[in-house]
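For reference, entry.txt (compact mmCIF, C-alpha atoms and all ligand atoms):
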# COMPACT_ATOMS: atom_id res chain seq x y z
CA MET A 1 -2.47 8.53 30.38
CA SER A 2 -3.47 7.45 26.87
CA SER A 3 -1.29 5.05 24.95
CA ILE A 4 -0.65 3.60 21.52
CA LEU A 5 0.60 0.10 20.71
CA VAL A 6 3.39 -0.08 18.15
CA THR A 7 4.59 -3.33 16.56
CA GLY A 8 8.13 -3.65 15.19
CA GLY A 9 9.31 -0.63 17.17
CA ALA A 10 12.86 -1.96 17.49
CA GLY A 11 13.42 -2.03 13.72
CA PHE A 12 14.61 0.78 11.46
CA ILE A 13 11.45 2.82 10.88
CA GLY A 14 9.72 1.62 14.06
CA SER A 15 12.52 2.81 16.34
CA ASN A 16 12.69 6.18 14.56
CA PHE A 17 8.92 6.44 15.01
CA VAL A 18 9.07 5.59 18.73
CA LEU A 19 11.88 8.11 19.34
CA ASP A 20 10.15 10.88 17.37
CA TRP A 21 6.80 10.13 19.00
CA LEU A 22 8.08 10.30 22.57
CA ALA A 23 9.93 13.52 21.76
CA SER A 24 6.77 15.24 20.57
CA GLN A 25 3.63 13.53 21.95
CA ASP A 26 2.29 12.68 25.40
CA ASP A 27 1.00 9.13 24.92
CA THR A 28 2.80 6.13 26.34
CA ILE A 29 4.04 3.60 23.76
CA ILE A 30 3.66 -0.15 24.20
CA ASN A 31 6.36 -1.40 21.85
CA VAL A 32 5.81 -5.03 20.78
CA ASP A 33 8.73 -6.58 18.93
CA LYS A 34 9.95 -10.15 18.48
CA LEU A 35 13.56 -8.93 18.14
CA THR A 36 14.46 -10.80 14.97
CA TYR A 37 17.88 -10.10 13.41
CA ALA A 38 16.42 -6.70 12.36
CA GLY A 39 15.23 -5.64 15.82
CA ASN A 40 17.76 -3.81 17.96
CA LEU A 41 17.07 -2.46 21.44
CA ASN A 42 20.26 -0.37 21.22
CA ASN A 43 18.29 1.93 18.92
CA LEU A 44 16.10 2.79 21.92
CA HIS A 45 18.68 2.97 24.66
CA SER A 46 18.08 6.73 25.13
CA LEU A 47 14.61 5.75 26.44
CA LYS A 48 15.95 3.54 29.24
CA THR A 49 14.64 5.83 31.94
CA ASP A 50 11.52 7.01 30.10
CA ALA A 51 8.51 5.41 31.78
CA ARG A 52 6.40 6.19 28.72
CA HIS A 53 8.22 3.47 26.74
CA ILE A 54 7.03 -0.04 27.64
CA PHE A 55 8.90 -2.69 25.66
CA VAL A 56 7.33 -6.15 25.25
CA LYS A 57 9.24 -8.94 23.51
CA ALA A 58 6.51 -10.86 21.70
CA ASP A 59 5.53 -12.29 18.33
CA ILE A 60 2.53 -10.70 16.62
CA ASN A 61 1.47 -14.24 15.68
CA ASP A 62 0.64 -14.82 19.34
CA THR A 63 -2.99 -13.62 19.14
CA GLU A 64 -3.70 -14.35 22.80
CA ARG A 65 -0.71 -12.29 23.90
CA MET A 66 -1.78 -9.44 21.62
CA ALA A 67 -5.32 -9.64 23.04
CA GLY A 68 -3.89 -9.58 26.57
CA LEU A 69 -1.79 -6.48 25.83
CA LEU A 70 -4.78 -4.68 24.32
CA ALA A 71 -6.95 -5.54 27.34
CA GLN A 72 -4.22 -4.49 29.79
CA HIS A 73 -3.17 -1.19 28.19
CA ARG A 74 -6.32 -0.17 26.25
CA PRO A 75 -4.33 1.77 23.59
CA ARG A 76 -6.20 4.29 21.49
CA ALA A 77 -4.42 3.02 18.37
CA ILE A 78 -2.22 0.29 16.93
CA VAL A 79 0.58 1.31 14.55
CA HIS A 80 1.74 -1.85 12.79
CA PHE A 81 5.33 -1.83 11.48
CA ALA A 82 6.38 -5.41 12.34
CA ALA A 83 7.37 -7.29 9.21
CA GLU A 84 10.09 -9.13 7.41
CA SER A 85 11.23 -6.26 5.19
CA HIS A 86 14.15 -7.27 2.97
CA VAL A 87 13.37 -8.26 -0.64
CA ASP A 88 16.56 -10.33 -1.11
CA ARG A 89 15.79 -12.36 2.02
CA SER A 90 12.27 -12.98 0.71
CA ILE A 91 13.77 -14.45 -2.46
CA LEU A 92 16.10 -16.79 -0.57
CA GLY A 93 13.52 -17.72 2.11
CA PRO A 94 9.91 -16.62 1.53
CA GLY A 95 8.41 -18.67 4.40
CA ALA A 96 9.16 -16.15 7.14
CA PHE A 97 7.47 -13.46 5.04
CA VAL A 98 4.23 -15.41 4.83
CA THR A 99 4.41 -16.19 8.55
CA THR A 100 4.98 -12.64 9.80
CA ASN A 101 3.62 -10.36 7.10
CA ILE A 102 0.46 -12.32 6.30
CA ASN A 103 -0.31 -14.59 9.27
CA GLY A 104 1.08 -12.09 11.77
CA THR A 105 -1.05 -9.25 10.39
CA PHE A 106 -4.08 -11.56 10.44
CA SER A 107 -3.37 -12.47 14.07
CA LEU A 108 -3.07 -8.81 15.05
CA LEU A 109 -6.25 -7.91 13.18
CA GLU A 110 -8.13 -10.66 14.99
CA ALA A 111 -6.93 -9.42 18.38
CA ALA A 112 -7.76 -5.82 17.38
CA ARG A 113 -11.22 -6.72 16.12
CA ALA A 114 -12.16 -8.60 19.31
CA HIS A 115 -10.84 -5.74 21.46
CA TRP A 116 -12.44 -2.97 19.40
CA SER A 117 -15.85 -4.74 19.22
CA ALA A 118 -16.08 -4.75 23.00
CA LEU A 119 -15.19 -1.06 23.48
CA PRO A 120 -17.80 1.53 24.45
CA ALA A 121 -19.10 3.44 21.40
CA SER A 122 -17.06 6.60 22.06
CA GLU A 123 -13.77 4.63 22.27
CA GLN A 124 -14.75 2.57 19.22
CA ALA A 125 -15.17 5.73 17.19
CA SER A 126 -11.71 7.08 17.99
CA PHE A 127 -9.78 3.77 17.83
CA ARG A 128 -7.41 3.33 14.84
CA PHE A 129 -5.48 0.41 13.33
CA LEU A 130 -2.75 1.91 11.15
CA HIS A 131 -1.02 -0.56 8.84
CA VAL A 132 2.38 0.51 7.48
CA SER A 133 2.87 -0.80 3.97
CA THR A 134 5.02 -0.24 0.91
CA ASP A 135 4.91 1.11 -2.64
CA GLU A 136 6.22 -2.28 -3.82
CA VAL A 137 2.66 -3.70 -3.76
CA TYR A 138 2.00 -1.76 -6.99
CA GLY A 139 4.71 -3.60 -8.94
CA THR A 140 7.05 -1.94 -11.39
CA LEU A 141 6.87 1.11 -13.71
CA GLY A 142 8.27 1.85 -17.16
CA PRO A 143 10.43 4.98 -17.55
CA ASN A 144 7.52 7.16 -18.73
CA ASP A 145 4.68 5.71 -16.65
CA PRO A 146 2.93 8.06 -14.21
CA PRO A 147 3.77 7.47 -10.51
CA PHE A 148 1.67 5.10 -8.37
CA THR A 149 -1.56 6.56 -7.01
CA GLU A 150 -3.84 5.05 -4.37
CA SER A 151 -5.96 3.56 -7.17
CA THR A 152 -3.09 1.88 -9.07
CA HIS A 153 -3.80 -1.86 -9.35
CA TYR A 154 -1.80 -4.15 -7.11
CA ALA A 155 0.84 -6.18 -9.00
CA PRO A 156 3.44 -7.36 -6.46
CA ASN A 157 6.48 -9.08 -7.97
CA SER A 158 8.53 -10.44 -5.05
CA PRO A 159 7.51 -12.72 -2.18
CA TYR A 160 8.07 -9.68 0.08
CA SER A 161 5.74 -7.39 -1.86
CA ALA A 162 3.20 -10.19 -2.34
CA SER A 163 3.11 -10.78 1.42
CA LYS A 164 2.66 -7.04 2.07
CA ALA A 165 -0.09 -6.90 -0.58
CA ALA A 166 -1.89 -9.82 1.11
CA ALA A 167 -1.68 -7.98 4.43
CA ASP A 168 -3.04 -4.79 2.83
CA HIS A 169 -6.01 -6.75 1.49
CA LEU A 170 -6.72 -8.29 4.89
CA VAL A 171 -6.64 -4.84 6.51
CA ARG A 172 -8.98 -3.48 3.85
CA SER A 173 -11.38 -6.38 4.40
CA TYR A 174 -11.49 -5.82 8.18
CA HIS A 175 -12.69 -2.29 7.56
CA HIS A 176 -15.14 -3.24 4.85
CA THR A 177 -16.59 -6.29 6.61
CA TYR A 178 -16.34 -5.52 10.31
CA GLY A 179 -16.03 -1.72 10.33
CA LEU A 180 -12.64 -1.77 12.09
CA PRO A 181 -11.30 1.81 11.69
CA THR A 182 -8.19 0.99 9.65
CA LEU A 183 -5.72 3.24 7.85
CA THR A 184 -3.09 2.00 5.38
CA THR A 185 0.02 3.87 4.25
CA ASN A 186 2.10 2.84 1.22
CA CYS A 187 5.52 4.42 1.38
CA SER A 188 8.61 4.49 -0.83
CA ASN A 189 12.23 3.70 0.15
CA ASN A 190 13.23 5.16 3.50
CA TYR A 191 16.77 6.05 4.57
CA GLY A 192 18.30 7.57 7.70
CA PRO A 193 19.66 6.59 11.14
CA TYR A 194 19.36 2.96 12.39
CA HIS A 195 18.91 1.59 8.84
CA PHE A 196 20.10 -2.02 8.90
CA PRO A 197 23.18 -2.38 6.67
CA GLU A 198 21.68 -5.11 4.50
CA LYS A 199 19.81 -2.33 2.62
CA LEU A 200 21.46 -0.32 -0.15
CA ILE A 201 22.41 3.00 1.49
CA PRO A 202 23.82 1.77 4.82
CA LEU A 203 25.44 -1.23 3.08
CA ILE A 204 27.28 1.05 0.66
CA ILE A 205 28.49 3.34 3.47
CA ALA A 206 29.69 0.38 5.56
CA ASN A 207 31.40 -1.41 2.65
CA ALA A 208 33.01 1.79 1.38
CA LEU A 209 34.60 2.54 4.75
CA ALA A 210 35.71 -1.09 5.11
CA GLY A 211 37.39 -1.05 1.67
CA LYS A 212 34.99 -3.73 0.41
CA PRO A 213 33.26 -3.97 -3.01
CA LEU A 214 30.15 -1.81 -3.49
CA PRO A 215 27.74 -4.31 -5.09
CA ILE A 216 25.47 -2.96 -7.85
CA TYR A 217 22.77 -5.38 -8.97
CA GLY A 218 22.48 -5.64 -12.77
CA ASP A 219 23.10 -2.34 -14.56
CA GLY A 220 22.30 -0.10 -11.56
CA GLN A 221 19.71 1.84 -13.54
CA GLN A 222 16.78 0.71 -11.36
CA VAL A 223 14.95 3.73 -9.97
CA ARG A 224 13.64 4.19 -6.42
CA ASP A 225 11.94 7.14 -4.70
CA TRP A 226 13.83 8.01 -1.48
CA LEU A 227 12.26 9.52 1.65
CA TYR A 228 14.10 10.52 4.83
CA VAL A 229 12.77 8.38 7.68
CA SER A 230 11.64 11.23 9.98
CA ASP A 231 9.46 12.53 7.14
CA HIS A 232 7.82 9.10 6.97
CA CYS A 233 7.27 9.14 10.74
CA ALA A 234 5.67 12.60 10.52
CA ALA A 235 3.39 11.37 7.73
CA ILE A 236 2.26 8.41 9.85
CA ARG A 237 1.50 10.70 12.81
CA ARG A 238 -0.53 12.90 10.47
CA VAL A 239 -2.49 9.97 9.02
CA LEU A 240 -3.13 8.63 12.51
CA ARG A 241 -4.48 11.98 13.65
CA ALA A 242 -6.52 13.02 10.62
CA GLY A 243 -6.73 10.14 8.10
CA ARG A 244 -10.17 8.88 7.15
CA PRO A 245 -10.86 5.30 8.34
CA GLY A 246 -10.82 2.79 5.49
CA GLU A 247 -8.56 5.00 3.34
CA THR A 248 -5.07 4.38 2.03
CA TYR A 249 -2.42 7.10 1.68
CA ASN A 250 0.68 7.01 -0.54
CA ILE A 251 3.77 8.56 1.04
CA GLY A 252 6.85 9.54 -0.97
CA GLY A 253 9.72 11.97 -1.29
CA TRP A 254 9.24 13.23 -4.88
CA ASN A 255 12.79 12.12 -5.31
CA GLU A 256 13.45 9.46 -7.94
CA MET A 257 17.04 8.35 -8.40
CA SER A 258 18.80 5.42 -10.04
CA ASN A 259 20.78 3.13 -7.75
CA LEU A 260 23.97 4.15 -9.49
CA GLU A 261 23.23 7.85 -8.84
CA VAL A 262 22.66 7.08 -5.15
CA VAL A 263 25.88 5.09 -4.86
CA ASN A 264 27.93 7.71 -6.71
CA THR A 265 26.51 10.44 -4.45
CA LEU A 266 27.55 8.46 -1.37
CA CYS A 267 31.03 7.89 -2.81
CA ARG A 268 31.51 11.59 -3.52
CA MET A 269 30.38 12.54 0.00
CA LEU A 270 32.74 10.03 1.60
CA ASP A 271 35.61 11.21 -0.65
CA GLU A 272 35.10 14.61 0.90
CA LEU A 273 34.42 13.61 4.52
CA ARG A 274 36.74 10.59 4.87
CA PRO A 275 39.21 10.72 1.95
CA LYS A 276 40.98 7.45 1.12
CA ALA A 277 44.76 7.27 1.23
CA SER A 278 44.66 6.89 -2.54
CA GLY A 279 41.95 6.75 -5.20
CA HIS A 280 38.20 7.26 -4.83
CA TYR A 281 35.43 5.24 -3.18
CA ALA A 282 33.74 4.87 -6.58
CA ASP A 283 36.70 2.64 -7.57
CA GLN A 284 35.13 0.01 -5.26
CA ILE A 285 31.90 -0.19 -7.33
CA THR A 286 31.39 -3.78 -8.52
CA TYR A 287 28.60 -4.97 -10.79
CA VAL A 288 27.07 -8.25 -9.60
CA LYS A 289 24.32 -10.57 -10.77
CA ASP A 290 20.90 -8.93 -10.72
CA ARG A 291 18.15 -9.59 -8.18
CA PRO A 292 15.67 -12.10 -9.70
CA GLY A 293 12.44 -10.34 -10.74
CA HIS A 294 14.04 -6.97 -9.91
CA ASP A 295 11.48 -4.14 -10.19
CA ARG A 296 12.81 -1.50 -12.56
CA ARG A 297 11.19 1.65 -11.22
CA TYR A 298 9.03 2.85 -8.32
CA ALA A 299 7.57 6.35 -8.12
CA ILE A 300 4.95 7.71 -5.74
CA ASP A 301 2.25 10.27 -6.36
CA ALA A 302 1.87 11.70 -2.86
CA ARG A 303 -0.68 14.39 -3.73
CA LYS A 304 -3.57 12.82 -1.78
CA ILE A 305 -1.85 13.04 1.62
CA GLU A 306 -0.71 16.58 0.82
CA ARG A 307 -4.15 17.69 -0.37
CA GLU A 308 -6.23 16.01 2.35
CA LEU A 309 -3.90 16.03 5.34
CA GLY A 310 -1.42 18.78 4.58
CA TRP A 311 1.69 16.56 4.79
CA LYS A 312 4.72 16.91 2.57
CA PRO A 313 8.36 15.99 3.13
CA VAL A 314 10.61 18.49 4.88
CA GLU A 315 13.96 17.01 3.79
CA THR A 316 15.39 17.10 0.29
CA PHE A 317 17.64 14.21 -0.73
CA ALA A 318 20.65 16.51 -0.30
CA SER A 319 19.72 17.43 3.29
CA GLY A 320 18.57 13.92 4.26
CA ILE A 321 21.59 12.11 2.87
CA GLY A 322 23.88 14.66 4.53
CA LYS A 323 22.33 13.86 7.93
CA THR A 324 22.44 10.13 7.19
CA VAL A 325 26.11 9.97 6.22
CA ALA A 326 27.01 12.13 9.24
CA TRP A 327 25.03 9.77 11.51
CA TYR A 328 26.79 6.67 10.19
CA LEU A 329 30.22 8.30 10.51
CA ASP A 330 29.37 9.21 14.13
CA HIS A 331 27.89 5.80 14.98
CA GLN A 332 30.49 3.34 13.77
CA ASP A 333 30.08 1.42 17.05
CA TRP A 334 26.37 0.84 16.25
CA VAL A 335 27.36 -0.40 12.79
CA ARG A 336 30.07 -2.67 14.24
CA ASP A 337 27.54 -4.21 16.65
CA VAL A 338 25.05 -5.12 13.95
CA LEU A 339 27.72 -6.26 11.47
CA SER A 340 28.50 -9.35 13.49
CA GLY A 341 27.03 -12.78 14.17
CA ASP A 342 24.09 -13.69 11.97
CA TYR A 343 24.64 -10.75 9.66
CA LEU A 344 27.88 -12.29 8.40
CA LYS A 345 26.03 -15.50 7.47
CA TRP A 346 23.57 -13.38 5.48
CA VAL A 347 26.32 -11.61 3.55
CA GLU A 348 27.78 -14.98 2.57
CA LYS A 349 24.39 -16.34 1.50
CA ASN A 350 23.36 -13.30 -0.55
CA TYR A 351 26.59 -12.18 -2.17
CA ASP A 352 28.70 -15.34 -2.59
CA ALA A 353 26.05 -16.75 -4.92
CA ARG A 354 26.17 -13.66 -7.17
CA GLU A 355 29.09 -14.27 -9.46
CA THR A 356 30.33 -10.96 -10.90
CA PRO A 357 29.13 -10.69 -14.51
CA SER A 358 32.02 -10.57 -16.95
CA GLU A 359 32.85 -7.12 -18.29
CA GLY A 360 30.47 -5.75 -20.87
CA THR A 361 27.46 -7.83 -19.78
CA VAL A 362 25.85 -5.01 -17.84
P1 LIG B 401 12.89 -3.72 9.79
O1 LIG B 401 13.16 -5.03 9.14
O2 LIG B 401 14.03 -2.79 10.04
O3 LIG B 401 12.16 -3.93 11.19
C1 LIG B 401 11.13 -4.86 11.37
C2 LIG B 401 10.89 -5.03 12.88
O4 LIG B 401 9.81 -5.95 13.05
C3 LIG B 401 12.09 -5.60 13.62
O5 LIG B 401 12.32 -4.88 14.81
C4 LIG B 401 11.68 -7.03 13.92
O6 LIG B 401 12.26 -7.57 15.10
C5 LIG B 401 10.16 -6.90 14.05
N1 LIG B 401 9.45 -8.15 13.77
C6 LIG B 401 9.63 -8.99 12.71
N2 LIG B 401 8.81 -10.04 12.80
C7 LIG B 401 8.07 -9.86 13.91
C8 LIG B 401 7.04 -10.61 14.55
N3 LIG B 401 6.60 -11.77 14.02
N4 LIG B 401 6.50 -10.14 15.67
C9 LIG B 401 6.94 -8.96 16.23
N5 LIG B 401 7.93 -8.24 15.69
C10 LIG B 401 8.49 -8.67 14.55
O7 LIG B 401 11.79 -3.03 8.89
P2 LIG B 401 11.63 -1.49 8.50
O8 LIG B 401 12.46 -1.20 7.32
O9 LIG B 401 11.72 -0.68 9.71
O10 LIG B 401 10.10 -1.52 7.99
C11 LIG B 401 9.02 -1.36 8.91
C12 LIG B 401 7.71 -1.47 8.16
O11 LIG B 401 7.66 -0.48 7.14
C13 LIG B 401 7.53 -2.81 7.43
O12 LIG B 401 6.19 -3.19 7.55
C14 LIG B 401 7.90 -2.50 5.99
O13 LIG B 401 7.20 -3.35 5.10
C15 LIG B 401 7.41 -1.08 5.85
N6 LIG B 401 8.11 -0.23 4.89
C16 LIG B 401 9.48 -0.15 4.90
C17 LIG B 401 10.12 0.71 4.00
C18 LIG B 401 11.63 0.86 4.00
O14 LIG B 401 12.16 1.55 3.12
N7 LIG B 401 12.36 0.28 4.95
C19 LIG B 401 9.37 1.46 3.09
C20 LIG B 401 7.97 1.33 3.09
C21 LIG B 401 7.36 0.50 4.01
O1 LIG B 402 10.06 0.67 -1.81
C1 LIG B 402 9.93 0.43 -0.44
C2 LIG B 402 10.78 -0.74 -0.05
O2 LIG B 402 12.14 -0.29 -0.05
C3 LIG B 402 10.43 -1.33 1.31
O3 LIG B 402 9.13 -1.84 1.27
C4 LIG B 402 11.40 -2.44 1.71
O4 LIG B 402 11.12 -2.92 3.00
C5 LIG B 402 12.81 -1.85 1.68
O5 LIG B 402 13.75 -2.87 1.96
C6 LIG B 402 13.10 -1.25 0.31
O6 LIG B 402 13.18 -2.26 -0.71
P1 LIG B 402 14.28 -2.24 -1.87
O7 LIG B 402 14.43 -3.59 -2.42
O8 LIG B 402 14.01 -1.13 -2.82
O9 LIG B 402 15.56 -1.81 -0.98
P2 LIG B 402 17.09 -2.30 -0.99
O10 LIG B 402 17.84 -1.34 -0.13
O11 LIG B 402 17.23 -3.75 -0.73
O12 LIG B 402 17.53 -2.04 -2.50
C7 LIG B 402 17.42 -0.75 -3.10
C8 LIG B 402 17.85 -0.90 -4.55
O13 LIG B 402 19.27 -1.17 -4.58
C9 LIG B 402 17.19 -2.06 -5.27
O14 LIG B 402 16.96 -1.70 -6.62
C10 LIG B 402 18.24 -3.19 -5.21
C11 LIG B 402 19.55 -2.42 -5.22
N1 LIG B 402 20.68 -3.06 -4.49
C12 LIG B 402 20.47 -3.46 -3.21
C13 LIG B 402 21.48 -4.06 -2.49
C14 LIG B 402 21.25 -4.52 -1.06
C15 LIG B 402 21.92 -3.19 -5.10
O15 LIG B 402 22.10 -2.80 -6.28
N2 LIG B 402 22.93 -3.78 -4.39
C16 LIG B 402 22.76 -4.24 -3.11
O16 LIG B 402 23.73 -4.81 -2.54
Can the structure in the file be given as structure tokens, please?
Ligand code: NAD
Ligand code: DAU
Amino acid sequence: MSSILVTGGAGFIGSNFVLDWLASQDDTIINVDKLTYAGNLNNLHSLKTDARHIFVKADINDTERMAGLLAQHRPRAIVHFAAESHVDRSILGPGAFVTTNINGTFSLLEAARAHWSALPASEQASFRFLHVSTDEVYGTLGPNDPPFTESTHYAPNSPYSASKAAADHLVRSYHHTYGLPTLTTNCSNNYGPYHFPEKLIPLIIANALAGKPLPIYGDGQQVRDWLYVSDHCAAIRRVLRAGRPGETYNIGGWNEMSNLEVVNTLCRMLDELRPKASGHYADQITYVKDRPGHDRRYAIDARKIERELGWKPVETFASGIGKTVAWYLDHQDWVRDVLSGDYLKWVEKNYDARETPSEGTV
């Protein structure tokens, strides 16, 4: 039975990828995850009896362990999701981002290179190292700038995006220098089931239902491109199958929206699905101090992956957000579980320091 090794498969996108993969493909998955605050094995509990899911609690910085897993399982590919992923956390504590996103990717590349170099020629030719990255490496756009393409210059602005950019460069160099068959994907903002409620969409749903403030950084006019997570997973499967080694592929939803539009949409949906005793969820919107260095706009030109590999998103924002809100309303127990312990310390650290700007300053 052939297998693939996935890192970070207990996080938001990784767990969606593992679930989608095992529902549609034959390969076994070796799922390597350190289980940081963002990793949650509950996401994968439906796989408890599925022998094709082998979970390994390990840190990607442990090169020897990674080498051992590659030697033991001989996967045909590595799909690398593991990362520290939250921009606000990178501002309050960049060290972990350097450790996992840069050093961890380096460690994994070293293990992959040693393993791949020793493979017979036929296995070498089909082996792939797919690195999952972000559109944030390209920096920020003005309102009329064209969307990011694969040849847009890197200009990362946060410790998170800088650490992802460094990892992208390392991956590129391992292809260029050693011939490792790498693929890199740069994707826009994902949303959907199992999204950790420190990120905008699940945070707004959770706070709205709990009667808490809905924090909008700055003026709320920052623009993001939103992609439903299963569309991202499908794009990764497509790149893994047909992408050209050494290439990068931008992935996006052709769906730019301001943060305020997103939050107002969520409020309107909740007004309909879970009406409040009085008033509207939008009454809970609260403007707070902006994120330092906040990128104003991201937009993705995803024509290359459509042209070369035939991928485009299936979900519109309307269909994807409908599924997402329904999932959160049906999985309040999952939300309750993650909204405890260390998460509460994070909320205090991130939001208590943001005094609400006085009226008229945003
Ligand atoms: P996440 O924070 O939800 O999950 C990250 C996972 O990695 C967790 O399960 C965590 O336990 C694991 N992990 C962290 N450090 C590790 C280490 N040292 N060793 C092993 N495992 C470790 O992240 P996500 O939102 O699912 O993002 C996954 C990947 O996709 C990241 O590389 C991120 O940069 C990229 N990405 C995310 C988005 C998005 O919108 N969320 C968009 C584009 C790209
Ligand atoms: O663009 C892809 C990136 O999208 C990924 O690489 C990151 O891993 C992922 O976290 C995401 O980054 P963002 O910073 O765009 O996502 P976040 O959900 O943190 O914020 C989305 C927007 O909403 C951003 O402009 C900041 C704003 N925001 C966020 C929070 C948490 C608020 O206004 N209030 C909030 O409380």
Task: Minimum-distance residue to Leu214 of chain A, chosen among A:Tyr154, A:Thr177, A:Leu260, A:Val229 (using only C-alpha atoms) - done: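 Under the stated criterion, the closest residue is A:Leu260.
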At most 6 Å from ligand LIG 402 (chain B) (all atoms listed in the file): residue list as a compact mmCIF listing (two decimals) with C-alpha atoms, in the coordinates of the input:
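Final output, out-v1.txt:
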# COMPACT_ATOMS: atom_id res chain seq x y z
CA SER A 85 11.23 -6.26 5.19
CA HIS A 86 14.15 -7.27 2.97
CA VAL A 87 13.37 -8.26 -0.64
CA THR A 134 5.02 -0.24 0.91
CA ASP A 135 4.91 1.11 -2.64
CA GLU A 136 6.22 -2.28 -3.82
CA SER A 188 8.61 4.49 -0.83
CA ASN A 189 12.23 3.70 0.15
CA GLU A 198 21.68 -5.11 4.50
CA LYS A 199 19.81 -2.33 2.62
CA LEU A 200 21.46 -0.32 -0.15
CA PRO A 215 27.74 -4.31 -5.09
CA ILE A 216 25.47 -2.96 -7.85
CA TYR A 217 22.77 -5.38 -8.97
CA GLY A 220 22.30 -0.10 -11.56
CA GLN A 222 16.78 0.71 -11.36
CA ASN A 259 20.78 3.13 -7.75
Task: Within 8 Å of Asp271 of chain A using all atoms listed in the file, minus same-chain residues under 4 positions, as a list in words - done: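 After dropping sequence-adjacent residues, the list is Cys267, Pro275, Lys276, His280 and Tyr281 of chain A.
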Task: Separation of atom C7 of ligand LIG 401 (chain B) from atom CA of Arg76 of chain A in Å - done: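 According to the coordinates, atom CA of Arg76 of chain A and atom C7 of ligand LIG 401 (chain B) are separated by 21.5 Å.
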Open item on the list: Between atom CA of Leu130 of chain A and atom O11 of ligand LIG 401 (chain B), what distance in Å does the model show, to one decimal?
Closed with: 11.4 Å
Task: Nearest to Leu227 of chain A, chosen from A:Ala208, A:Ala51, A:Ala167, A:Ala302, with only C-alpha atoms counted in the distances - done: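 The shortest atom-to-atom distance to Leu227 of chain A comes from A:Ala302.
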How big is the axis-aligned box, and where does its centre sit, when it encloses all atoms of ligand LIG 401 (chain B) listed in the file and has 4 Å added on every side, reported in Å to one decimal as lines of an AutoDock Vina configuration file?
center_x = 10.1
center_y = -5.1
center_z = 9.7
size_x = 15.8
size_y = 21.3
size_z = 21.1
Open item on the list: Please determine, counting all atoms listed in the file, which residue among A:Thr36, A:Thr149, A:Ser126, A:Ser24 has the shortest atom-to-atom distance to ligand LIG 401 (chain B).
Closed with: A:Thr36
Open item on the list: Could you tell me how far atom CA of Met66 of chain A sits from atom CA of Ala112 of chain A, in Å to one decimal place?
Closed with: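 Value for the atom CA of Ala112 of chain A-atom CA of Met66 of chain A distance: 8.2 Å.
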Task: Nearby residues (only C-alpha atoms) at most 9 Å from Thr248 of chain A, same-chain spacing under 3 positions excluded, as a PyMOL selection string - done: chain A and resi 150+172+182-186+243-245
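Counting all atoms listed in the file, the residue from A:Phe97, A:Tyr287, A:Trp116, A:Tyr194 that sits nearest to Ala77 of chain A is A:Trp116.
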Open item on the list: Nearest residue to ligand LIG 401 (chain B) out of A:Phe129, A:Trp21, A:Tyr191, A:Phe106, using only C-alpha atoms and all ligand atoms?
Closed with: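 Smallest distance to ligand LIG 401 (chain B) is found for A:Tyr191.
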So that I can see what lies close to Pro313 of chain A, please list as a compact mmCIF listing (two decimals) with C-alpha atoms, keeping the file's coordinate frame the residues with an atom at most 10 Å from it, counting all atoms listed in the file and leaving out residues fewer than 6 positions away in the same chain.
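Contents of part_28.txt, as written:
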# COMPACT_ATOMS: atom_id res chain seq x y z
CA LEU A 227 12.26 9.52 1.65
CA TYR A 228 14.10 10.52 4.83
CA VAL A 229 12.77 8.38 7.68
CA SER A 230 11.64 11.23 9.98
CA ASP A 231 9.46 12.53 7.14
CA HIS A 232 7.82 9.10 6.97
CA ALA A 234 5.67 12.60 10.52
CA ALA A 235 3.39 11.37 7.73
CA ILE A 251 3.77 8.56 1.04
CA GLY A 252 6.85 9.54 -0.97
CA GLY A 253 9.72 11.97 -1.29
CA TRP A 254 9.24 13.23 -4.88
CA ALA A 302 1.87 11.70 -2.86
CA GLU A 306 -0.71 16.58 0.82
- [ ] With a distance cut-off of 10 Å and all atoms listed in the file, select the neighbouring residues of Ile60 of chain A, excluding the residue or stretch itself and same-chain residues fewer than 5 positions from it, and output the selection as a ChimeraX atom specification.
- [x] /A:7-8,32-34,65-66,80,82-83,99-101,103-109,111
Open item on the list: I want to know what sits within 12 Å of Ile54 of chain A, based on all atoms listed in the file, with residues of the same chain fewer than 5 positions away left out; could you give that as a PyMOL selection string?
Closed with: chain A and resi 3-7+9-10+18+22+27-33+44+47-49+69+73
- [ ] Go through A:Pro143, A:Leu19, A:Pro213, A:Val325 and flag the residue nearest Ser46 of chain A, using only C-alpha atoms for the distances.
- [x] A:Leu19
